[in-house]
Amino acid sequence: MSTEHVLDDRPRASARARIRESANKVPEVTVYFWIIKVLTTGMGETASDFLAHTLGNIPAVGLGGLAFVGSLVLQFAVRRYVAWIYWTAIVMVSVFGTMAADALHVILHVPYTLSTPLFMIALAAVFALWYKSERTLSIHSIRTRRRELFYWAAVLATFALGTAAGDLTATIGLRYLGSVVLFAVAICVPALAHRMRLLGAVTAFWTAYVITRPLGASLADWMALPGWRGGLGWGLGPVTLSWTVAIVGFVAFLALSRRDTERLH
């Protein structure tokens with residue numbers, strides 16, 4: 001889905017000049033957006049597991065929480081979209097969101113069949129409050145502190161929901177490769193529904209956004225985990241490192257080319 005298909009509440013000609021002058025805090029939605037988004041989800045999944053196995057669950061959650069807060073403080077401190085700051089925050093949300101969802105299951109023994117609908121309710125509540133307050137859920141409108149708060153609350157909820165949903169499908173018989181296929185097909189549904197005018201642009205965007213989480217996480221788990229768990233056995237550390245390198249490469253390209261800010265200037 002390109003930017004044109006995602007943003008359905010963009011003001012028309014007379015107001016466009018004001019939008020160009022106003023600094024939106026998120027990138028334009030291009031193919032690079034979706035590639036990096038999937039990469040961050042997979043990297044967050046394996047990084048979270050790697051840290052939990054290395055440090056222990058509680059220290060890993062504490063370290064992840066500090067990094068998560070620090071990245072958001074930096075994101076809120078800048079007055080415009082900066083590629084490396086924004087995507088660092090997304091990575092930290094991915095890592096911490098994974099830890100939060102896993103902590104419910106591992107530490108508190110909450111089953112995925114319960115945590116998945118709970119996170120779904122939490123995301124719905126964020127969207128309801130956001131829309132009631134701002135009358136829009138469009139990511140093109142993230143130009144005030146309040147909208148930015150709603151945006152990041154929604155992002156965190158989507159990561160937690162996607163983590164729980166991905167682990168749920170992997171543990172009910174599909175395993176990781178089967179989950180990859182399932183979510184790869186599922187992510188095409190909102191795009192096709194929008195092109196057929198069956199689904200609004202903002203709804204299609206957020207639906208796809210949620211699905212990228214279990215898609216990327218399932219793919220990374222399939223690559224990293226041992227064969228007896230249905231994976232390729234490449235290891236959590238190597239997969240985390242390789243996906244991190246890919247993220248850094250794409251973000252560096254965007255920072256230099258400004259491909260994701262061309263409509264904002």
# chains A, B, ... in the order shown; residues from 1 in each chain; ligands from 1
$ residues_around --residues "A:Ala170" --least-positions-apart "2" --cutoff "12 Å" --atoms "only C-alpha atoms" --output "number ranges by chain"
A: 112-113, 163-168, 172-183, 214-215, 217-219, 221-222, 229-231
$ closest_atom_pairs --of "stretch 131-200 of chain A" --to "stretch 89-104 of chain A" --cutoff "8 Å" --atoms "only C-alpha atoms" --output "Markdown table"
| residue | atom | partner | partner_atom | distance |
| --- | --- | --- | --- | --- |
| A:Val155 | CA | A:Val93 | CA | 7.7 |
| A:Leu156 | CA | A:Val93 | CA | 6.0 |
| A:Ala157 | CA | A:Gly97 | CA | 7.6 |
| A:Phe159 | CA | A:Gly97 | CA | 5.4 |
| A:Ala160 | CA | A:Gly97 | CA | 4.8 |
| A:Leu161 | CA | A:Ala101 | CA | 7.7 |
| A:Thr163 | CA | A:Thr98 | CA | 5.9 |
| A:Ala164 | CA | A:Ala101 | CA | 6.1 |
$ closest_residue --among "A:Val38, A:Val26, A:Ala60, A:Leu232" --to "A:Ala208" --atoms "only C-alpha atoms"
A:Val38
$ select_by_dssp --residues "stretch 13-131 of chain A" --states "helix (DSSP H, G or I)" --output "ChimeraX atom specification"
/A:13-21,31-55,57-77,83-106,112-131
$ residues_around --residues "A:Ala191" --least-positions-apart "4" --cutoff "12 Å" --atoms "only C-alpha atoms" --output "PyMOL selection string"
chain A and resi 1-2+5-6+184-187+195-209+211
$ atom_distance --atom1 "atom CA of A:Trp84" --atom2 "atom CA of A:Ile247"
10.0 Å
$ residues_around --residues "stretch 127-144 of chain A" --least-positions-apart "5" --cutoff "6 Å" --atoms "only C-alpha atoms" --output "count of residues only"
4
$ closest_residue --among "A:Thr171, A:Ser242, A:Ser257, A:Thr212" --to "A:Thr46" --atoms "only C-alpha atoms"
A:Ser242
